[in-house]
Structure formats: C-alpha cells, structure tokens
Amino acid sequence: QKEKIHLNYRRILKISGSNLVNFLNNILTSDISMLNKKEIVPSALLTPQGRILFDLLISLEHTQKPNDTPSILIECDISQIDDLLKKLKMYNLRNEVNIEKTEYKIFVTIDPDNSDNILFDKRFFEICLGRIYENKKLKYDLNNDNALNSYHLLRYKYCVPEGPIEVINNVSLPLEINLDLLGGINFEKGCFIGQEVNARI
C-alpha cells in the first residue's frame, strides 16, 4: 500500500503565461488564485448548461524556479486529453496562455514521506493520499491489477469519483458528484462557464 501506484490511464496538460489565472478562472469551476504548493484540487470544465465536460485535477507545477512565472498542471483521463486540449485552445482565442501536453507520469501513494514532490490530494479528507508527478521515462510499468484496485477501492470508500465512466460527459452535474463538498467549485470568484445553472441548483 505504501509503494507508488502508477496511474497509466491519466495524462497532464501544462498551462503557462502571465494571464493564466484569469484565463482558467473564467472557464473552470475552482478558484485558481487559491492554489497552494504541495496540494492538488479538483475542478471541472462545464457546458453552458452546467453539465460536466471534463473532471480535472489542478496543481502548481513543482519543478519551476523561484523567479519563474507560475505554471498550472491539469490532469485528466487519457481518453479525454486530446478533446480537452482542443477545447482549451478554442477558448484561448487571444493566445493569452500557452497550452501543451507533458510527459509527466502520475503516481499515487498513501505514504507522505515517499517523495519530495508529493501533492496532497484535497479530495480525501480522512486519509493522507498524495499524487506524484515525475517527468521521466519508465522502462516498464510495475503495476498490476491489485495495485490499481487498491487505489480505486480508496476512491470508492471516500466517495471520490474520477474519469468519464463515473463522471458522465455532458450528463453529470458538479453537485451530483459532490464537487462542492470536495472543494472543486467556487461560487464567490465570479462567473465561469455553467456557473448560473449550478448557482440556482
């Protein structure tokens, strides 16, 4: 359980540029300006009708130098990465930010001392579960079904849905998957896509 579990079905986009906070706050449900180092928070990109298009995990890139302009990492399911990239580029009409795929490999662990680069997953209140992003090639995937199942069992136990099978594209509403309780939707930051519908709900 304390070893790192490789999530080979997840991928990460990198968003950079001086206007990235305003850009992302105008389209995502979470408040990007409230992000802290060492943590990862849930978020979503909605349709104008308030349904979830992509359920996401957001964090600050941990490898940047002190004087660098901050970059944001957005994690999603591998089956959605290309569609998410296209959608973000569509909203990026004025080229306010740079959007690119990364080679980060995604791991989870319940051992907080496992890595210096650990990001604490804010979706889990009662346990210390972390995510680790490593930008290096793997010679082979050490995972087996039991390792992945142990992670999924933790998610099920703590009611943390993830991916398009559990968060149905263009059907699920943020409050149906407890996005408000998990800290992934902010009604105080101003308007974002689909905000009005969910505020009424």
# chains A, B, ... in the order shown; residues from 1 in each chain; ligands from 1
>>> closest_atom_pairs(of="stretch 67-157 of chain A", to="stretch 184-190 of chain A", cutoff="12 Å", atoms="only C-alpha atoms", output="JSON lines")
{"residue": "A:Asp121", "atom": "CA", "partner": "A:Gly184", "partner_atom": "CA", "distance": 11.6}
{"residue": "A:Lys122", "atom": "CA", "partner": "A:Gly184", "partner_atom": "CA", "distance": 9.2}
{"residue": "A:Arg123", "atom": "CA", "partner": "A:Gly184", "partner_atom": "CA", "distance": 8.6}
>>> residues_around(residues="A:Ile165", least_positions_apart="6", cutoff="12 Å", atoms="only C-alpha atoms", output="list in words")
Phe54, Asp55, Asp77, Ser79, Gln80, Val171 and Ser172 of chain A
>>> atom_distance(atom1="atom CA of A:Val108", atom2="atom CA of A:Cys128")
10.7 Å
>>> closest_residue(among="A:Asn92, A:Tyr9, A:Asn36, A:Leu57", to="A:Pro161", atoms="only C-alpha atoms")
A:Leu57
>>> residues_around(residues="A:Arg11", least_positions_apart="6", cutoff="6 Å", atoms="only C-alpha atoms", output="ChimeraX atom specification")
/A:75-76,78
>>> write_last_selection(atoms="C-alpha atoms", output="PDB file, in the first residue's frame")
ATOM      1  CA  GLU A  75      -4.697  16.205 -15.034  1.00  0.00           C
ATOM      2  CA  CYS A  76      -7.460  14.249 -16.746  1.00  0.00           C
ATOM      3  CA  ILE A  78      -6.157   9.691 -21.104  1.00  0.00           C
TER       4      ILE A  78
END
>>> atom_distance(atom1="atom CA of A:Phe23", atom2="atom CA of A:Phe124")
27.3 Å
>>> select_by_dssp(residues="stretch 57-139 of chain A", states="alpha helix (DSSP H)", output="list of chain:residue names")
A:Ile81, A:Asp82, A:Asp83, A:Leu84, A:Leu85, A:Lys86, A:Lys87, A:Leu88, A:Lys89, A:Met90, A:Tyr91
>>> write_last_selection(atoms="all heavy atoms", output="compact mmCIF listing (two decimals), in the first residue's frame")
# COMPACT_ATOMS: atom_id res chain seq x y z
N ILE A 81 -7.78 13.63 -23.06
CA ILE A 81 -6.70 14.62 -23.12
C ILE A 81 -6.71 15.42 -24.42
O ILE A 81 -6.54 16.65 -24.43
CB ILE A 81 -5.32 13.94 -22.90
CG1 ILE A 81 -4.23 14.99 -22.67
CG2 ILE A 81 -4.96 13.01 -24.02
CD1 ILE A 81 -4.30 15.68 -21.35
N ASP A 82 -6.95 14.77 -25.56
CA ASP A 82 -6.94 15.48 -26.84
C ASP A 82 -8.14 16.42 -26.96
O ASP A 82 -8.00 17.55 -27.46
CB ASP A 82 -6.93 14.49 -28.00
CG ASP A 82 -5.59 13.75 -28.12
OD1 ASP A 82 -4.56 14.34 -27.77
OD2 ASP A 82 -5.60 12.58 -28.55
N ASP A 83 -9.31 15.96 -26.52
CA ASP A 83 -10.50 16.81 -26.56
C ASP A 83 -10.36 18.00 -25.61
O ASP A 83 -10.79 19.12 -25.94
CB ASP A 83 -11.75 16.01 -26.20
CG ASP A 83 -12.14 15.02 -27.29
OD1 ASP A 83 -11.74 15.24 -28.45
OD2 ASP A 83 -12.84 14.04 -26.98
N LEU A 84 -9.76 17.78 -24.45
CA LEU A 84 -9.54 18.88 -23.52
C LEU A 84 -8.58 19.90 -24.11
O LEU A 84 -8.81 21.12 -24.01
CB LEU A 84 -8.98 18.34 -22.20
CG LEU A 84 -8.60 19.39 -21.15
CD1 LEU A 84 -9.81 20.22 -20.74
CD2 LEU A 84 -7.96 18.72 -19.93
N LEU A 85 -7.52 19.43 -24.74
CA LEU A 85 -6.55 20.34 -25.37
C LEU A 85 -7.24 21.19 -26.44
O LEU A 85 -7.03 22.41 -26.50
CB LEU A 85 -5.41 19.53 -25.97
CG LEU A 85 -4.30 20.31 -26.66
CD1 LEU A 85 -3.58 21.23 -25.68
CD2 LEU A 85 -3.30 19.35 -27.31
N LYS A 86 -8.06 20.57 -27.26
CA LYS A 86 -8.78 21.32 -28.30
C LYS A 86 -9.73 22.35 -27.70
O LYS A 86 -9.83 23.49 -28.18
CB LYS A 86 -9.57 20.35 -29.19
CG LYS A 86 -8.71 19.48 -30.09
CD LYS A 86 -9.57 18.50 -30.87
CE LYS A 86 -8.72 17.55 -31.69
NZ LYS A 86 -9.53 16.53 -32.39
N LYS A 87 -10.43 21.96 -26.64
CA LYS A 87 -11.40 22.86 -26.02
C LYS A 87 -10.70 24.06 -25.39
O LYS A 87 -11.15 25.21 -25.54
CB LYS A 87 -12.21 22.11 -24.97
CG LYS A 87 -13.30 22.93 -24.29
CD LYS A 87 -14.41 23.34 -25.24
CE LYS A 87 -15.30 22.17 -25.60
NZ LYS A 87 -16.48 22.62 -26.37
N LEU A 88 -9.60 23.83 -24.70
CA LEU A 88 -8.86 24.93 -24.09
C LEU A 88 -8.28 25.86 -25.15
O LEU A 88 -8.29 27.09 -24.99
CB LEU A 88 -7.74 24.39 -23.20
CG LEU A 88 -8.19 23.69 -21.91
CD1 LEU A 88 -6.98 23.11 -21.18
CD2 LEU A 88 -8.96 24.62 -21.00
N LYS A 89 -7.80 25.30 -26.25
CA LYS A 89 -7.27 26.14 -27.33
C LYS A 89 -8.38 26.96 -27.98
O LYS A 89 -8.15 28.08 -28.45
CB LYS A 89 -6.54 25.28 -28.36
CG LYS A 89 -5.19 24.78 -27.87
CD LYS A 89 -4.43 24.05 -28.96
CE LYS A 89 -3.02 23.70 -28.49
NZ LYS A 89 -2.24 23.00 -29.54
N MET A 90 -9.58 26.40 -28.01
CA MET A 90 -10.71 27.14 -28.57
C MET A 90 -11.02 28.37 -27.72
O MET A 90 -11.30 29.45 -28.25
CB MET A 90 -11.94 26.23 -28.63
CG MET A 90 -13.15 26.89 -29.29
SD MET A 90 -14.65 25.90 -29.10
CE MET A 90 -15.08 26.28 -27.40
N TYR A 91 -10.95 28.22 -26.40
CA TYR A 91 -11.20 29.36 -25.51
C TYR A 91 -10.03 30.34 -25.49
O TYR A 91 -10.19 31.50 -25.11
CB TYR A 91 -11.48 28.88 -24.09
CG TYR A 91 -12.85 28.25 -23.92
CD1 TYR A 91 -12.98 26.97 -23.41
CD2 TYR A 91 -14.00 28.95 -24.28
CE1 TYR A 91 -14.24 26.38 -23.27
CE2 TYR A 91 -15.25 28.38 -24.13
CZ TYR A 91 -15.36 27.10 -23.63
OH TYR A 91 -16.60 26.52 -23.49
>>> residues_around(residues="A:Asn135", least_positions_apart="4", cutoff="12 Å", atoms="only C-alpha atoms", output="list of chain:residue names")
A:Arg11, A:Ile12, A:Glu61, A:His62, A:Thr63, A:Lys101, A:Thr102, A:Glu103, A:Tyr104, A:Lys105, A:Ile106, A:Phe107, A:Asn117
>>> select_by_dssp(residues="stretch 11-196 of chain A", states="strand (DSSP E)", output="PyMOL selection string")
chain A and resi 11-16+39-46+52-60+72-77+98-101+105-109+119-121+130-134
>>> write_last_selection(atoms="N, CA and C atoms", output="compact mmCIF listing (two decimals), in the first residue's frame")
# COMPACT_ATOMS: atom_id res chain seq x y z
N ARG A 11 -3.32 11.57 -17.87
CA ARG A 11 -2.36 12.42 -18.56
C ARG A 11 -2.46 13.85 -18.05
N ILE A 12 -1.45 14.69 -18.37
CA ILE A 12 -1.35 16.04 -17.83
C ILE A 12 -1.07 17.06 -18.93
N LEU A 13 -1.80 18.17 -18.86
CA LEU A 13 -1.52 19.35 -19.68
C LEU A 13 -0.85 20.41 -18.81
N LYS A 14 -0.02 21.23 -19.45
CA LYS A 14 0.63 22.35 -18.77
C LYS A 14 0.13 23.66 -19.36
N ILE A 15 -0.30 24.58 -18.47
CA ILE A 15 -0.76 25.90 -18.88
C ILE A 15 0.21 26.93 -18.33
N SER A 16 0.75 27.78 -19.20
CA SER A 16 1.70 28.80 -18.75
C SER A 16 1.37 30.13 -19.42
N GLU A 39 -0.31 20.89 -2.99
CA GLU A 39 -1.66 20.34 -2.96
C GLU A 39 -2.23 20.26 -4.37
N ILE A 40 -3.19 19.40 -4.52
CA ILE A 40 -3.88 19.23 -5.79
C ILE A 40 -5.37 19.29 -5.50
N VAL A 41 -6.11 20.02 -6.32
CA VAL A 41 -7.53 20.23 -6.05
C VAL A 41 -8.37 19.80 -7.25
N PRO A 42 -9.60 19.36 -7.00
CA PRO A 42 -10.48 19.01 -8.11
C PRO A 42 -11.04 20.25 -8.80
N SER A 43 -11.43 20.09 -10.03
CA SER A 43 -12.05 21.17 -10.79
C SER A 43 -12.81 20.53 -11.94
N ALA A 44 -13.49 21.36 -12.73
CA ALA A 44 -14.21 20.84 -13.89
C ALA A 44 -14.38 21.93 -14.92
N LEU A 45 -14.49 21.51 -16.16
CA LEU A 45 -14.89 22.39 -17.26
C LEU A 45 -16.30 21.98 -17.64
N LEU A 46 -17.22 22.94 -17.59
CA LEU A 46 -18.64 22.66 -17.79
C LEU A 46 -19.13 23.13 -19.16
N ILE A 52 -20.97 18.60 -16.73
CA ILE A 52 -19.52 18.42 -16.73
C ILE A 52 -19.04 17.86 -18.08
N LEU A 53 -18.11 18.58 -18.70
CA LEU A 53 -17.44 18.07 -19.89
C LEU A 53 -16.18 17.28 -19.50
N PHE A 54 -15.41 17.85 -18.57
CA PHE A 54 -14.17 17.22 -18.13
C PHE A 54 -14.04 17.39 -16.62
N ASP A 55 -13.82 16.30 -15.88
CA ASP A 55 -13.45 16.44 -14.47
C ASP A 55 -11.94 16.43 -14.40
N LEU A 56 -11.38 17.37 -13.63
CA LEU A 56 -9.96 17.66 -13.69
C LEU A 56 -9.33 17.70 -12.30
N LEU A 57 -8.01 17.59 -12.27
CA LEU A 57 -7.24 17.85 -11.07
C LEU A 57 -6.22 18.95 -11.40
N ILE A 58 -6.15 19.97 -10.54
CA ILE A 58 -5.35 21.16 -10.82
C ILE A 58 -4.26 21.31 -9.77
N SER A 59 -3.05 21.69 -10.21
CA SER A 59 -1.96 21.93 -9.26
C SER A 59 -0.96 22.90 -9.87
N LEU A 60 -0.11 23.47 -9.00
CA LEU A 60 1.01 24.28 -9.46
C LEU A 60 2.15 23.37 -9.86
N ILE A 72 0.50 26.00 -14.43
CA ILE A 72 -0.54 25.15 -13.85
C ILE A 72 -0.55 23.82 -14.59
N LEU A 73 -0.68 22.74 -13.82
CA LEU A 73 -0.83 21.41 -14.41
C LEU A 73 -2.27 20.96 -14.27
N ILE A 74 -2.82 20.43 -15.35
CA ILE A 74 -4.20 19.95 -15.38
C ILE A 74 -4.19 18.47 -15.74
N GLU A 75 -4.67 17.65 -14.83
CA GLU A 75 -4.70 16.20 -15.03
C GLU A 75 -6.10 15.74 -15.42
N CYS A 76 -6.17 14.83 -16.37
CA CYS A 76 -7.46 14.25 -16.75
C CYS A 76 -7.24 12.83 -17.27
N ASP A 77 -8.33 12.17 -17.61
CA ASP A 77 -8.27 10.81 -18.14
C ASP A 77 -7.62 10.81 -19.52
N ASN A 98 -0.12 29.64 -22.97
CA ASN A 98 0.44 28.54 -23.75
C ASN A 98 -0.07 27.22 -23.17
N ILE A 99 -0.58 26.35 -24.02
CA ILE A 99 -1.17 25.07 -23.59
C ILE A 99 -0.42 23.95 -24.29
N GLU A 100 0.09 22.99 -23.52
CA GLU A 100 0.86 21.91 -24.13
C GLU A 100 0.71 20.61 -23.35
N LYS A 101 0.91 19.51 -24.05
CA LYS A 101 0.95 18.22 -23.39
C LYS A 101 2.29 18.05 -22.69
N LYS A 105 4.57 11.40 -15.65
CA LYS A 105 3.94 10.15 -15.21
C LYS A 105 3.28 10.40 -13.86
N ILE A 106 2.12 9.79 -13.65
CA ILE A 106 1.30 10.08 -12.48
C ILE A 106 1.30 8.87 -11.55
N PHE A 107 1.61 9.14 -10.27
CA PHE A 107 1.63 8.10 -9.26
C PHE A 107 0.77 8.55 -8.08
N VAL A 108 0.25 7.59 -7.32
CA VAL A 108 -0.41 7.89 -6.06
C VAL A 108 0.26 7.10 -4.94
N THR A 109 0.19 7.65 -3.73
CA THR A 109 0.78 6.99 -2.58
C THR A 109 0.06 7.43 -1.32
N LEU A 119 2.09 15.84 -3.90
CA LEU A 119 0.98 16.79 -3.90
C LEU A 119 -0.17 16.14 -3.13
N PHE A 120 -0.61 16.77 -2.06
CA PHE A 120 -1.66 16.18 -1.25
C PHE A 120 -3.01 16.38 -1.92
N ASP A 121 -3.72 15.29 -2.11
CA ASP A 121 -5.00 15.30 -2.82
C ASP A 121 -6.10 15.80 -1.88
N GLY A 130 -1.47 11.13 -1.54
CA GLY A 130 -0.75 12.09 -2.36
C GLY A 130 -0.60 11.62 -3.80
N ARG A 131 -0.39 12.60 -4.67
CA ARG A 131 -0.09 12.34 -6.06
C ARG A 131 1.33 12.82 -6.33
N ILE A 132 2.03 12.11 -7.18
CA ILE A 132 3.40 12.46 -7.54
C ILE A 132 3.49 12.52 -9.06
N TYR A 133 4.01 13.63 -9.57
CA TYR A 133 4.23 13.80 -11.00
C TYR A 133 5.73 13.71 -11.27
N GLU A 134 6.14 12.76 -12.08
CA GLU A 134 7.55 12.58 -12.39
C GLU A 134 7.75 12.64 -13.90
>>> closest_residue(among="A:Ile201, A:Leu35, A:Ile177, A:Val167", to="A:Pro70", atoms="only C-alpha atoms")
A:Leu35
>>> atom_distance(atom1="atom CA of A:His6", atom2="atom CA of A:Glu126")
22.1 Å
>>> closest_residue(among="A:Asn178, A:Ser30, A:Ser71, A:Ser18", to="A:Asn95", atoms="only C-alpha atoms")
A:Ser18
